[in-house]
>>> print(open('entry-v7.txt').read())   # compact mmCIF, C-alpha atoms and all ligand atoms
# COMPACT_ATOMS: atom_id res chain seq x y z
CA MET A 1 110.72 99.26 128.59
CA GLY A 2 108.15 101.71 129.93
CA ALA A 3 105.85 100.78 132.81
CA PRO A 4 102.61 99.08 131.73
CA VAL A 5 99.82 101.66 131.44
CA LEU A 6 96.87 100.82 133.72
CA ASN A 7 97.68 97.09 133.57
CA PHE A 8 97.69 96.89 129.78
CA ASP A 9 101.12 95.92 128.52
CA PHE A 10 101.38 97.58 125.12
CA ASP A 11 105.16 97.10 125.23
CA GLN A 12 105.00 93.34 124.79
CA PRO A 13 105.70 92.38 121.15
CA LEU A 14 103.25 89.80 119.79
CA ASP A 15 104.28 87.77 116.74
CA ARG A 16 101.75 88.39 113.97
CA THR A 17 103.62 86.59 111.21
CA GLY A 18 101.80 83.59 109.81
CA THR A 19 98.37 85.07 110.61
CA HIS A 20 97.97 86.26 106.99
CA SER A 21 98.39 89.76 108.34
CA LEU A 22 98.39 92.24 105.48
CA LYS A 23 100.79 94.44 107.43
CA TRP A 24 103.29 91.72 108.41
CA ASP A 25 102.94 88.87 105.95
CA GLY A 26 102.66 91.39 103.11
CA CYS A 27 106.15 92.79 103.80
CA LEU A 28 108.07 90.79 101.23
CA SER A 29 105.80 91.70 98.34
CA ARG A 30 105.57 95.29 99.42
CA PHE A 31 109.10 96.11 100.50
CA GLY A 32 111.07 93.33 98.80
CA ASN A 33 112.38 92.33 102.20
CA HIS A 34 111.16 90.27 105.19
CA ASP A 35 113.44 92.08 107.59
CA VAL A 36 111.47 95.29 108.02
CA LEU A 37 109.37 96.58 110.86
CA PRO A 38 106.10 97.26 109.03
CA LEU A 39 104.69 100.68 109.89
CA TRP A 40 102.39 101.14 106.95
CA VAL A 41 98.74 99.97 106.84
CA ALA A 42 96.69 101.47 109.68
CA ASP A 43 96.21 98.58 112.05
CA MET A 44 97.90 98.17 115.40
CA ASP A 45 100.29 95.56 116.78
CA PHE A 46 98.41 95.45 120.10
CA PRO A 47 95.82 92.88 121.19
CA GLY A 48 92.43 94.58 121.55
CA PRO A 49 90.26 94.49 124.68
CA LEU A 50 90.21 91.06 126.34
CA GLN A 51 86.40 91.17 126.49
CA VAL A 52 86.27 91.14 122.67
CA THR A 53 88.41 87.99 122.46
CA GLU A 54 86.36 86.32 125.17
CA ALA A 55 83.07 87.18 123.47
CA LEU A 56 84.36 85.87 120.12
CA ILE A 57 85.56 82.60 121.68
CA ALA A 58 82.21 82.15 123.42
CA ARG A 59 80.36 82.76 120.14
CA ALA A 60 82.66 80.47 118.15
CA LYS A 61 81.92 77.63 120.58
CA HIS A 62 78.41 77.42 119.23
CA PRO A 63 79.20 75.63 115.97
CA ILE A 64 76.45 77.06 113.80
CA TYR A 65 77.30 80.37 112.18
CA GLY A 66 73.97 81.15 110.58
CA TYR A 67 72.38 84.39 109.39
CA THR A 68 72.39 86.66 112.40
CA ILE A 69 70.16 89.50 113.56
CA ALA A 70 71.70 92.88 114.33
CA HIS A 71 69.78 93.02 117.59
CA GLN A 72 69.00 96.10 119.66
CA GLY A 73 72.11 95.59 121.82
CA VAL A 74 74.34 96.20 118.81
CA TYR A 75 72.71 99.57 118.16
CA ASP A 76 72.54 100.46 121.86
CA SER A 77 76.27 99.84 122.29
CA LEU A 78 77.06 102.43 119.58
CA ILE A 79 74.38 104.84 120.82
CA ASN A 80 75.82 104.71 124.36
CA TRP A 81 79.38 105.05 123.05
CA THR A 82 78.66 108.18 121.00
CA GLN A 83 76.66 109.64 123.89
CA ASP A 84 79.47 109.04 126.41
CA GLN A 85 82.39 109.94 124.17
CA PHE A 86 80.98 112.85 122.16
CA ASP A 87 77.73 113.86 123.85
CA LEU A 88 76.00 112.99 120.58
CA SER A 89 72.49 111.52 120.88
CA LEU A 90 71.51 109.08 118.15
CA GLN A 91 68.30 107.24 117.39
CA ARG A 92 68.41 103.67 116.15
CA ASP A 93 66.75 104.52 112.84
CA GLN A 94 69.52 107.03 112.03
CA ILE A 95 72.10 104.20 111.99
CA LEU A 96 72.66 101.96 108.97
CA LEU A 97 75.06 99.06 109.41
CA ALA A 98 77.44 98.75 106.48
CA PRO A 99 80.15 96.32 105.40
CA GLY A 100 82.91 98.95 105.73
CA VAL A 101 83.65 102.61 105.20
CA LEU A 102 85.15 102.25 101.74
CA ALA A 103 82.40 99.98 100.44
CA SER A 104 79.91 102.56 101.76
CA PHE A 105 81.73 105.35 99.99
CA ARG A 106 81.51 103.44 96.71
CA MET A 107 77.76 102.96 97.28
CA ALA A 108 77.35 106.65 98.05
CA LEU A 109 79.17 107.55 94.84
CA GLN A 110 76.84 105.37 92.80
CA THR A 111 73.76 106.64 94.60
CA PHE A 112 74.36 110.36 94.66
CA THR A 113 76.55 111.07 91.62
CA ALA A 114 76.59 110.30 87.90
CA PRO A 115 79.60 109.45 85.72
CA GLY A 116 81.66 112.59 85.15
CA ASP A 117 80.57 114.27 88.40
CA GLY A 118 83.22 115.89 90.57
CA VAL A 119 84.06 114.66 94.08
CA ILE A 120 86.16 116.91 96.30
CA LEU A 121 89.15 115.45 98.14
CA GLN A 122 91.20 117.36 100.70
CA THR A 123 94.66 116.11 99.76
CA PRO A 124 96.99 114.60 100.80
CA LEU A 125 94.31 112.03 101.61
CA TYR A 126 93.86 108.30 102.32
CA ALA A 127 94.39 106.89 98.83
CA PRO A 128 91.45 104.50 98.26
CA PHE A 129 88.99 107.41 97.94
CA GLN A 130 90.72 108.59 94.79
CA LEU A 131 90.86 105.03 93.42
CA ALA A 132 87.13 104.55 94.05
CA ILE A 133 86.33 107.80 92.26
CA HIS A 134 88.35 106.83 89.19
CA ALA A 135 87.02 103.27 89.19
CA ASN A 136 83.46 104.64 89.07
CA GLY A 137 84.13 107.14 86.27
CA ARG A 138 83.75 110.14 88.58
CA VAL A 139 86.29 112.98 88.71
CA PRO A 140 88.45 113.79 91.74
CA VAL A 141 88.55 117.51 92.45
CA GLU A 142 91.58 118.35 94.52
CA ASN A 143 91.20 120.83 97.38
CA SER A 144 94.72 120.56 98.82
CA LEU A 145 95.29 121.30 102.47
CA VAL A 146 97.61 124.20 103.22
CA LEU A 147 100.87 123.46 105.02
CA GLU A 148 101.99 126.31 107.26
CA ASN A 149 104.94 126.88 109.52
CA ILE A 150 103.67 128.19 112.84
CA ASP A 151 106.49 129.06 115.28
CA GLY A 152 108.71 126.39 113.76
CA HIS A 153 105.99 123.71 113.78
CA LEU A 154 104.39 122.41 110.59
CA HIS A 155 100.61 122.58 110.62
CA TYR A 156 97.92 121.79 108.04
CA ARG A 157 94.73 123.77 107.61
CA MET A 158 91.88 123.64 105.12
CA ASN A 159 91.79 125.94 102.11
CA LEU A 160 88.19 127.07 102.56
CA PRO A 161 88.04 129.71 99.78
CA HIS A 162 89.30 127.09 97.32
CA LEU A 163 86.81 124.55 98.69
CA GLU A 164 84.05 127.02 97.92
CA GLN A 165 85.36 127.42 94.36
CA CYS A 166 85.33 123.63 93.88
CA ALA A 167 81.77 123.47 95.16
CA ALA A 168 80.71 126.37 92.93
CA LEU A 169 82.06 124.50 89.89
CA GLY A 170 79.40 121.85 90.53
CA ALA A 171 81.11 119.06 92.49
CA LYS A 172 78.55 116.75 94.09
CA ILE A 173 80.28 115.20 97.10
CA LEU A 174 82.92 116.39 99.55
CA VAL A 175 84.96 113.74 101.34
CA LEU A 176 85.82 114.96 104.82
CA CYS A 177 88.35 112.87 106.70
CA SER A 178 87.92 113.68 110.38
CA PRO A 179 90.37 113.30 111.98
CA HIS A 180 92.49 113.42 108.88
CA ASN A 181 94.51 110.52 107.50
CA PRO A 182 97.43 111.05 106.82
CA VAL A 183 98.13 114.49 108.33
CA GLY A 184 96.62 113.77 111.78
CA ARG A 185 94.56 116.95 112.12
CA VAL A 186 91.56 117.01 114.47
CA TRP A 187 89.31 119.60 112.89
CA GLN A 188 88.07 122.45 115.08
CA GLN A 189 84.47 123.59 115.38
CA ASP A 190 84.96 126.74 113.25
CA GLU A 191 86.51 124.70 110.41
CA LEU A 192 83.68 122.16 110.50
CA GLN A 193 81.04 124.90 110.62
CA ALA A 194 82.60 126.57 107.58
CA VAL A 195 82.55 123.26 105.68
CA LEU A 196 78.87 122.75 106.53
CA GLU A 197 77.99 126.26 105.39
CA ILE A 198 79.73 125.79 102.04
CA ALA A 199 77.97 122.44 101.58
CA ARG A 200 74.60 124.08 102.28
CA ARG A 201 75.21 126.90 99.80
CA TYR A 202 76.04 124.47 96.96
CA GLN A 203 73.94 121.39 97.89
CA LEU A 204 77.06 119.31 98.38
CA LEU A 205 76.68 115.95 100.06
CA ILE A 206 79.34 115.44 102.73
CA PHE A 207 80.77 111.96 103.25
CA SER A 208 82.42 112.40 106.65
CA ASP A 209 84.81 109.53 107.30
CA GLU A 210 85.24 109.46 111.09
CA ILE A 211 86.81 106.02 111.36
CA HIS A 212 89.71 107.44 113.43
CA ALA A 213 87.42 109.50 115.71
CA ASP A 214 88.19 107.53 118.87
CA LEU A 215 91.97 107.80 118.47
CA ILE A 216 92.41 111.36 119.70
CA TYR A 217 95.35 112.47 121.87
CA PRO A 218 94.34 113.65 125.33
CA GLU A 219 94.88 117.38 124.61
CA PHE A 220 92.41 117.42 121.65
CA ARG A 221 88.68 116.85 121.24
CA HIS A 222 86.94 115.32 118.25
CA ILE A 223 83.65 116.89 117.16
CA PRO A 224 81.43 114.53 115.13
CA LEU A 225 80.04 116.42 112.16
CA ALA A 226 76.54 115.14 112.99
CA GLN A 227 76.72 117.15 116.18
CA LEU A 228 76.93 120.44 114.25
CA ALA A 229 74.73 119.47 111.31
CA ARG A 230 71.03 120.26 110.86
CA GLU A 231 68.52 117.60 109.94
CA ASP A 232 68.24 118.91 106.40
CA ASP A 233 72.02 118.73 105.81
CA ARG A 234 73.01 116.01 103.36
CA LEU A 235 75.51 114.24 105.55
CA ILE A 236 76.70 110.64 105.72
CA MET A 237 78.92 110.15 108.75
CA ALA A 238 80.85 106.85 108.79
CA VAL A 239 82.09 105.33 112.06
CA SER A 240 83.46 101.95 113.05
CA PRO A 241 85.06 100.15 115.99
CA GLY A 242 87.67 98.77 113.55
CA LYS A 243 90.50 101.23 114.12
CA THR A 244 89.58 102.05 117.72
CA PHE A 245 89.75 98.50 119.08
CA ASN A 246 92.08 97.03 116.46
CA GLN A 247 89.55 94.81 114.73
CA PRO A 248 89.54 96.24 111.17
CA GLY A 249 89.67 92.74 109.68
CA LEU A 250 86.15 92.09 110.98
CA GLY A 251 84.77 94.66 108.59
CA LEU A 252 81.65 96.29 110.05
CA ALA A 253 80.88 100.02 110.01
CA ALA A 254 77.90 102.28 110.63
CA LEU A 255 76.58 105.16 108.59
CA ILE A 256 74.89 107.83 110.63
CA ILE A 257 72.43 109.71 108.46
CA MET A 258 70.06 112.22 110.08
CA ASN A 259 68.40 113.40 106.88
CA ASP A 260 65.43 111.18 105.95
CA GLU A 261 65.74 111.48 102.19
CA THR A 262 69.51 110.85 102.15
CA ARG A 263 69.04 107.85 104.44
CA ALA A 264 66.21 106.40 102.34
CA ARG A 265 68.28 106.63 99.18
CA MET A 266 71.28 104.99 100.81
CA LEU A 267 69.09 102.28 102.32
CA SER A 268 67.58 101.50 98.94
CA VAL A 269 71.00 100.44 97.58
CA MET A 270 71.90 98.48 100.72
CA THR A 271 68.83 96.25 100.88
CA ASP A 272 69.72 92.54 100.78
CA MET A 273 73.40 93.31 101.24
CA THR A 274 75.11 91.18 103.87
CA THR A 275 76.55 93.84 106.12
CA HIS A 276 77.39 91.76 109.14
CA ASN A 277 78.08 88.28 110.46
CA PRO A 278 77.97 86.65 113.90
CA PHE A 279 81.61 87.55 114.62
CA SER A 280 81.59 91.17 113.49
CA LEU A 281 78.43 91.81 115.53
CA THR A 282 79.79 90.05 118.61
CA ALA A 283 83.09 91.95 118.50
CA TRP A 284 81.33 95.25 117.83
CA GLU A 285 79.05 94.99 120.84
CA ALA A 286 81.77 93.76 123.22
CA ALA A 287 84.16 96.51 122.13
CA TYR A 288 81.72 99.42 122.41
CA ARG A 289 80.32 98.11 125.70
CA HIS A 290 83.54 97.16 127.47
CA GLY A 291 86.38 98.89 125.62
CA THR A 292 86.55 102.33 127.25
CA THR A 293 89.29 101.56 129.78
CA TRP A 294 91.41 99.77 127.18
CA ARG A 295 91.01 102.65 124.69
CA ASN A 296 91.92 105.25 127.33
CA ALA A 297 95.04 103.29 128.28
CA LEU A 298 95.92 102.90 124.61
CA MET A 299 95.80 106.66 124.02
CA LEU A 300 98.11 107.30 126.99
CA TYR A 301 100.58 104.77 125.61
CA LEU A 302 100.32 106.26 122.11
CA ARG A 303 100.77 109.77 123.47
CA ASP A 304 104.02 108.72 125.16
CA SER A 305 105.09 106.88 122.01
CA ARG A 306 104.34 109.95 119.92
CA GLU A 307 106.47 112.15 122.18
CA GLN A 308 109.39 109.70 122.30
CA ILE A 309 109.30 109.04 118.56
CA LEU A 310 109.16 112.75 117.72
CA HIS A 311 112.10 113.34 120.03
CA ALA A 312 114.09 110.48 118.47
CA ILE A 313 113.36 111.77 114.98
CA HIS A 314 114.56 115.27 115.91
CA GLN A 315 117.73 113.77 117.36
CA HIS A 316 118.63 111.19 114.72
CA TRP A 317 116.93 112.20 111.48
CA PRO A 318 117.79 115.91 111.14
CA LEU A 319 116.49 116.08 107.58
CA VAL A 320 113.01 114.88 108.55
CA ARG A 321 110.35 117.29 109.84
CA PRO A 322 107.60 115.30 111.55
CA ILE A 323 104.11 116.71 112.01
CA SER A 324 102.83 115.88 115.45
CA PRO A 325 99.42 114.20 115.06
CA GLN A 326 96.42 115.48 117.02
CA GLY A 327 94.55 112.26 116.29
CA THR A 328 95.14 108.89 114.51
CA VAL A 329 98.08 106.53 115.02
CA LEU A 330 99.89 108.05 112.06
CA ILE A 331 102.83 110.46 111.91
CA TRP A 332 103.25 112.40 108.68
CA LEU A 333 106.91 113.05 107.93
CA ASP A 334 108.16 115.86 105.70
CA CYS A 335 111.22 114.30 104.04
CA ARG A 336 111.60 116.79 101.20
CA ALA A 337 114.97 117.95 102.51
CA TYR A 338 116.51 114.65 101.34
CA GLY A 339 115.89 115.78 97.78
CA LEU A 340 115.05 112.19 96.79
CA ASP A 341 112.29 111.00 94.51
CA ASP A 342 109.49 109.01 96.14
CA ARG A 343 110.83 105.59 95.21
CA ALA A 344 114.31 106.39 96.55
CA LEU A 345 112.79 107.78 99.73
CA GLN A 346 110.95 104.54 100.44
CA ALA A 347 114.13 102.56 99.72
CA LEU A 348 116.10 104.75 102.13
CA PHE A 349 113.84 103.82 105.06
CA VAL A 350 113.74 100.13 104.11
CA GLU A 351 117.47 99.74 103.50
CA THR A 352 118.97 102.00 106.15
CA TYR A 353 116.47 101.70 108.97
CA HIS A 354 114.61 98.46 108.09
CA LEU A 355 111.34 100.37 108.45
CA GLY A 356 108.41 99.87 106.10
CA LEU A 357 106.60 103.21 105.83
CA SER A 358 103.89 104.36 103.42
CA PRO A 359 105.19 106.68 100.71
CA GLY A 360 103.40 110.02 100.80
CA ILE A 361 102.90 110.07 97.04
CA GLN A 362 100.22 107.41 97.55
CA PHE A 363 98.09 110.11 99.16
CA GLY A 364 98.16 112.32 96.07
CA HIS A 365 100.67 114.72 94.52
CA ALA A 366 100.50 116.87 97.65
CA GLY A 367 102.18 113.95 99.48
CA SER A 368 105.26 113.74 97.27
CA GLY A 369 108.42 113.93 99.39
CA PHE A 370 106.53 112.83 102.55
CA MET A 371 106.28 109.47 104.30
CA ARG A 372 103.62 108.14 106.73
CA LEU A 373 104.62 106.21 109.82
CA ASN A 374 102.18 104.09 111.85
CA LEU A 375 103.30 104.38 115.47
CA ALA A 376 100.92 101.74 116.88
CA THR A 377 103.56 99.16 117.70
CA PRO A 378 105.54 98.37 120.87
CA ARG A 379 107.80 101.37 120.85
CA GLN A 380 111.24 100.00 121.78
CA ARG A 381 112.05 98.33 118.49
CA LEU A 382 110.97 101.41 116.57
CA LEU A 383 113.02 103.75 118.77
CA ALA A 384 116.04 101.49 118.37
CA ALA A 385 115.65 101.51 114.59
CA ILE A 386 115.44 105.30 114.47
CA ALA A 387 118.52 105.67 116.66
CA THR A 388 120.82 103.09 115.16
CA GLY A 389 119.78 102.66 111.58
CA LYS A 390 119.68 98.94 112.34
CA PRO A 391 116.89 97.44 114.45
CA ARG A 392 117.86 95.19 117.32
CA GLN A 393 116.56 91.63 117.35
CA PHE A 394 113.59 91.37 119.68
CA GLN A 395 112.35 88.23 121.35
CA GLN A 396 108.72 87.98 120.29
CA ALA A 397 106.18 86.26 122.49
CA SER A 398 104.09 83.49 121.01
CA PRO A 399 100.44 84.60 120.81
CA HIS A 400 99.51 81.49 122.80
CA SER A 401 101.69 82.43 125.75
CA GLN A 402 100.21 85.96 125.93
CA THR A 403 97.90 87.23 128.57
CA LEU A 404 95.57 89.07 126.31
CA CYS A 405 95.47 92.40 128.05
C1 LIG B 501 90.53 107.24 106.74
C2 LIG B 501 90.19 105.80 106.48
N1 LIG B 501 88.98 105.50 105.99
C3 LIG B 501 88.62 104.22 105.76
C4 LIG B 501 89.49 103.18 106.00
C5 LIG B 501 89.06 101.77 105.69
O1 LIG B 501 87.83 101.50 106.30
P1 LIG B 501 87.06 100.14 106.02
O2 LIG B 501 88.02 99.04 106.29
O3 LIG B 501 85.90 100.17 106.97
O4 LIG B 501 86.63 100.19 104.60
C6 LIG B 501 90.76 103.46 106.52
C7 LIG B 501 91.73 102.37 106.76
O5 LIG B 501 92.91 102.58 106.93
C8 LIG B 501 91.11 104.80 106.77
O6 LIG B 501 92.30 105.13 107.28
>>> encode(input="entry-v7.txt", output="structure tokens")
Amino acid sequence: MGAPVLNFDFDQPLDRTGTHSLKWDGCLSRFGNHDVLPLWVADMDFPGPLQVTEALIARAKHPIYGYTIAHQGVYDSLINWTQDQFDLSLQRDQILLAPGVLASFRMALQTFTAPGDGVILQTPLYAPFQLAIHANGRVPVENSLVLENIDGHLHYRMNLPHLEQCAALGAKILVLCSPHNPVGRVWQQDELQAVLEIARRYQLLIFSDEIHADLIYPEFRHIPLAQLAREDDRLIMAVSPGKTFNQPGLGLAALIIMNDETRARMLSVMTDMTTHNPFSLTAWEAAYRHGTTWRNALMLYLRDSREQILHAIHQHWPLVRPISPQGTVLIWLDCRAYGLDDRALQALFVETYHLGLSPGIQFGHAGSGFMRLNLATPRQRLLAAIATGKPRQFQQASPHSQTLC
């Protein structure tokens, strides 16, 4: 096992079974098999910052869980976080708390588009966007990313001329995923500027999903779109501590909207909606206030995991071409050389390696022949599975015997 990074032991497996974990307890229904290491849905197998657990326990000890105010401290914790991390200054009235990123996207669809309107997706892309568009009678307009081979390394870039054509045909919203799930790109300033300029020319509203913005590998830098946008740009930027601090089950996000009219319209559909509860607010504030050291240690661990996993894949899976992520905990694997259909590809990883990955086809046609691997797990069991085709049995610690950080 590797040395603990800055006193956080990310190598220690923690048994999540029996916690109604979607990722772990959902294995049988998803993969037809209990005996898989689940590497699919994007949550992590690491305990989050100890301060979050302590704050939640302290709050739970008061036995009345009534309607709760999102007090100034909740806003200040996000304002300070975005200032420190991204040098982005926010005002409280530019922040709308929301029940989650996807729920917010559905509200934005209903607020800013009509049935039959086009919504641009840069595919392959996190699947629920497409589902939400169909469910609301809107039309997905596919602006596929371009996969290039640069000096032997696979690399995705945006197809900006095609994006402009989609906008010119009258699409109403562009979904930007920044950094991008599943391909792991951290978009550069020139790419983001070009997207903003196209949006301005065609009055596109941009829904910028930045839920993975704090999971950036040390050699890259995330630029929040709000930092480049003007006040008259129609931009909804969605952020959340859910992915960053491994608390996605608590379900609280924020929409950052600088433009007054866009914000007023969004607010009008959110009035009376329960966006938060005493636990989501408590965890939010504790994480943004006290989570920096934990997050920095996490990214060092994940960087080492990424390097070791990429190396193991090159050594043991010669038919797989992994794309090294710049951000997110996800590795996008080009498995087209197997020549298998998508169902057979998933079965190959389950049956031979006991690994439960997400099939790329879920992310749109552009993902056919690919698989997505979530690397946010103690790395030894995963490395063993890649190397041997049969994972070793690991002694898992009981959650009650864990020191939480
Ligand atoms: C890109 C992206 N957006 C949104 C979500 C879900 O966000 P929420 O749970 O806040 O709806 C996920 C979860 O995996 C995601 O990867």
>>> residues_near_ligand(input="entry-v7.txt", ligand="ligand LIG 501 (chain B)", cutoff="9 Å", atoms="all atoms listed in the file", output="PyMOL selection string")
chain A and resi 41-43+98-105+125-129+177-182+209-212+238-240+242-243+248-253+328
>>> write_last_selection(input="entry-v7.txt", atoms="C-alpha atoms", output="short mmCIF file (atom, residue, chain, number, x, y, z; two decimals), in the frame of the given file")
data_model
loop_
_atom_site.label_atom_id
_atom_site.label_comp_id
_atom_site.auth_asym_id
_atom_site.auth_seq_id
_atom_site.Cartn_x
_atom_site.Cartn_y
_atom_site.Cartn_z
CA VAL A 41 98.74 99.97 106.84
CA ALA A 42 96.69 101.47 109.68
CA ASP A 43 96.21 98.58 112.05
CA ALA A 98 77.44 98.75 106.48
CA PRO A 99 80.15 96.32 105.40
CA GLY A 100 82.91 98.95 105.73
CA VAL A 101 83.65 102.61 105.20
CA LEU A 102 85.15 102.25 101.74
CA ALA A 103 82.40 99.98 100.44
CA SER A 104 79.91 102.56 101.76
CA PHE A 105 81.73 105.35 99.99
CA LEU A 125 94.31 112.03 101.61
CA TYR A 126 93.86 108.30 102.32
CA ALA A 127 94.39 106.89 98.83
CA PRO A 128 91.45 104.50 98.26
CA PHE A 129 88.99 107.41 97.94
CA CYS A 177 88.35 112.87 106.70
CA SER A 178 87.92 113.68 110.38
CA PRO A 179 90.37 113.30 111.98
CA HIS A 180 92.49 113.42 108.88
CA ASN A 181 94.51 110.52 107.50
CA PRO A 182 97.43 111.05 106.82
CA ASP A 209 84.81 109.53 107.30
CA GLU A 210 85.24 109.46 111.09
CA ILE A 211 86.81 106.02 111.36
CA HIS A 212 89.71 107.44 113.43
CA ALA A 238 80.85 106.85 108.79
CA VAL A 239 82.09 105.33 112.06
CA SER A 240 83.46 101.95 113.05
CA GLY A 242 87.67 98.77 113.55
CA LYS A 243 90.50 101.23 114.12
CA PRO A 248 89.54 96.24 111.17
CA GLY A 249 89.67 92.74 109.68
CA LEU A 250 86.15 92.09 110.98
CA GLY A 251 84.77 94.66 108.59
CA LEU A 252 81.65 96.29 110.05
CA ALA A 253 80.88 100.02 110.01
CA THR A 328 95.14 108.89 114.51
#
>>> closest_residue(input="entry-v7.txt", among="A:Val52, A:Ile323, A:Leu176, A:Ala264", to="Glu148 in chain A", atoms="only C-alpha atoms")
A:Ile323
>>> closest_atom_pairs(input="entry-v7.txt", of="range 111-192 of chain A", to="range 196-202 of chain A", cutoff="12 Å", atoms="all atoms listed in the file", output="JSON lines")
{"residue": "A:Ile120", "atom": "CA", "partner": "A:Ala199", "partner_atom": "CA", "distance": 11.2}
{"residue": "A:Leu160", "atom": "CA", "partner": "A:Ile198", "partner_atom": "CA", "distance": 8.6}
{"residue": "A:Pro161", "atom": "CA", "partner": "A:Ile198", "partner_atom": "CA", "distance": 9.5}
{"residue": "A:His162", "atom": "CA", "partner": "A:Ile198", "partner_atom": "CA", "distance": 10.7}
{"residue": "A:Leu163", "atom": "CA", "partner": "A:Ile198", "partner_atom": "CA", "distance": 7.9}
{"residue": "A:Glu164", "atom": "CA", "partner": "A:Ile198", "partner_atom": "CA", "distance": 6.1}
{"residue": "A:Gln165", "atom": "CA", "partner": "A:Ile198", "partner_atom": "CA", "distance": 9.7}
{"residue": "A:Cys166", "atom": "CA", "partner": "A:Tyr202", "partner_atom": "CA", "distance": 9.8}
{"residue": "A:Ala167", "atom": "CA", "partner": "A:Tyr202", "partner_atom": "CA", "distance": 6.1}
{"residue": "A:Ala168", "atom": "CA", "partner": "A:Tyr202", "partner_atom": "CA", "distance": 6.5}
{"residue": "A:Leu169", "atom": "CA", "partner": "A:Tyr202", "partner_atom": "CA", "distance": 9.3}
{"residue": "A:Gly170", "atom": "CA", "partner": "A:Tyr202", "partner_atom": "CA", "distance": 7.7}
{"residue": "A:Ala171", "atom": "CA", "partner": "A:Tyr202", "partner_atom": "CA", "distance": 8.7}
{"residue": "A:Lys172", "atom": "CA", "partner": "A:Tyr202", "partner_atom": "CA", "distance": 8.6}
{"residue": "A:Ile173", "atom": "CA", "partner": "A:Ala199", "partner_atom": "CA", "distance": 8.8}
{"residue": "A:Leu174", "atom": "CA", "partner": "A:Ala199", "partner_atom": "CA", "distance": 8.1}
{"residue": "A:Val175", "atom": "CA", "partner": "A:Ala199", "partner_atom": "CA", "distance": 11.2}
{"residue": "A:Leu176", "atom": "CA", "partner": "A:Leu196", "partner_atom": "CA", "distance": 10.6}
{"residue": "A:Gln189", "atom": "CA", "partner": "A:Leu196", "partner_atom": "CA", "distance": 10.5}
{"residue": "A:Asp190", "atom": "CA", "partner": "A:Leu196", "partner_atom": "CA", "distance": 9.9}
{"residue": "A:Glu191", "atom": "CA", "partner": "A:Leu196", "partner_atom": "CA", "distance": 8.8}
{"residue": "A:Leu192", "atom": "CA", "partner": "A:Leu196", "partner_atom": "CA", "distance": 6.3}
>>> axis_aligned_box(input="entry-v7.txt", around="range 108-120 of chain A", padding_each_side="3 Å", output="JSON")
{"center_x": 80.0, "center_y": 111.1, "center_z": 91.6, "size_x": 18.4, "size_y": 17.5, "size_z": 18.9}
>>> closest_residue(input="entry-v7.txt", among="A:Thr292, A:Thr352, A:Ser280, A:Asn80", to="Leu50 in chain A", atoms="only C-alpha atoms")
A:Thr292
>>> closest_residue(input="entry-v7.txt", among="A:Arg321, A:Arg92, A:Arg372, A:His316", to="Ile257 in chain A", atoms="all atoms listed in the file")
A:Arg92
>>> closest_residue(input="entry-v7.txt", among="A:Asp87, A:Glu285, A:Asp151, A:Asp9", to="Pro224 in chain A", atoms="only C-alpha atoms")
A:Asp87
>>> closest_residue(input="entry-v7.txt", among="A:Thr275, A:Asn7, A:Ser368, A:Gln85", to="Ile69 in chain A", atoms="all atoms listed in the file")
A:Thr275
>>> residues_around(input="entry-v7.txt", residues="range 342-351 of chain A", least_positions_apart="5", cutoff="9 Å", atoms="only C-alpha atoms", output="CSV table (one decimal) with C-alpha atoms, in the frame of the given file")
chain,number,residue,atom,x,y,z
A,31,PHE,CA,109.1,96.1,100.5
A,33,ASN,CA,112.4,92.3,102.2
A,35,ASP,CA,113.4,92.1,107.6
A,36,VAL,CA,111.5,95.3,108.0
A,37,LEU,CA,109.4,96.6,110.9
A,335,CYS,CA,111.2,114.3,104.0
A,356,GLY,CA,108.4,99.9,106.1
A,357,LEU,CA,106.6,103.2,105.8
A,358,SER,CA,103.9,104.4,103.4
A,359,PRO,CA,105.2,106.7,100.7
A,360,GLY,CA,103.4,110.0,100.8
A,361,ILE,CA,102.9,110.1,97.0
A,368,SER,CA,105.3,113.7,97.3
A,369,GLY,CA,108.4,113.9,99.4
A,370,PHE,CA,106.5,112.8,102.6
A,371,MET,CA,106.3,109.5,104.3
A,389,GLY,CA,119.8,102.7,111.6
>>> closest_residue(input="entry-v7.txt", among="A:Ile331, A:Leu97, A:Met237, A:Leu14", to="Arg306 in chain A", atoms="only C-alpha atoms")
A:Ile331
>>> residues_around(input="entry-v7.txt", residues="range 379-386 of chain A", least_positions_apart="6", cutoff="12 Å", atoms="only C-alpha atoms", output="PyMOL selection string")
chain A and resi 1-2+9-13+35-39+44-46+301-318+320+349-357+373+392-396
>>> residues_near_point(input="entry-v7.txt", point="(96.8, 113.5, 119.8)", cutoff="8 Å", atoms="only C-alpha atoms", output="PyMOL selection string")
chain A and resi 215-220+303+324-328
>>> write_last_selection(input="entry-v7.txt", atoms="C-alpha atoms", output="compact mmCIF listing (two decimals), keeping the file's coordinate frame")
# COMPACT_ATOMS: atom_id res chain seq x y z
CA LEU A 215 91.97 107.80 118.47
CA ILE A 216 92.41 111.36 119.70
CA TYR A 217 95.35 112.47 121.87
CA PRO A 218 94.34 113.65 125.33
CA GLU A 219 94.88 117.38 124.61
CA PHE A 220 92.41 117.42 121.65
CA ARG A 303 100.77 109.77 123.47
CA SER A 324 102.83 115.88 115.45
CA PRO A 325 99.42 114.20 115.06
CA GLN A 326 96.42 115.48 117.02
CA GLY A 327 94.55 112.26 116.29
CA THR A 328 95.14 108.89 114.51
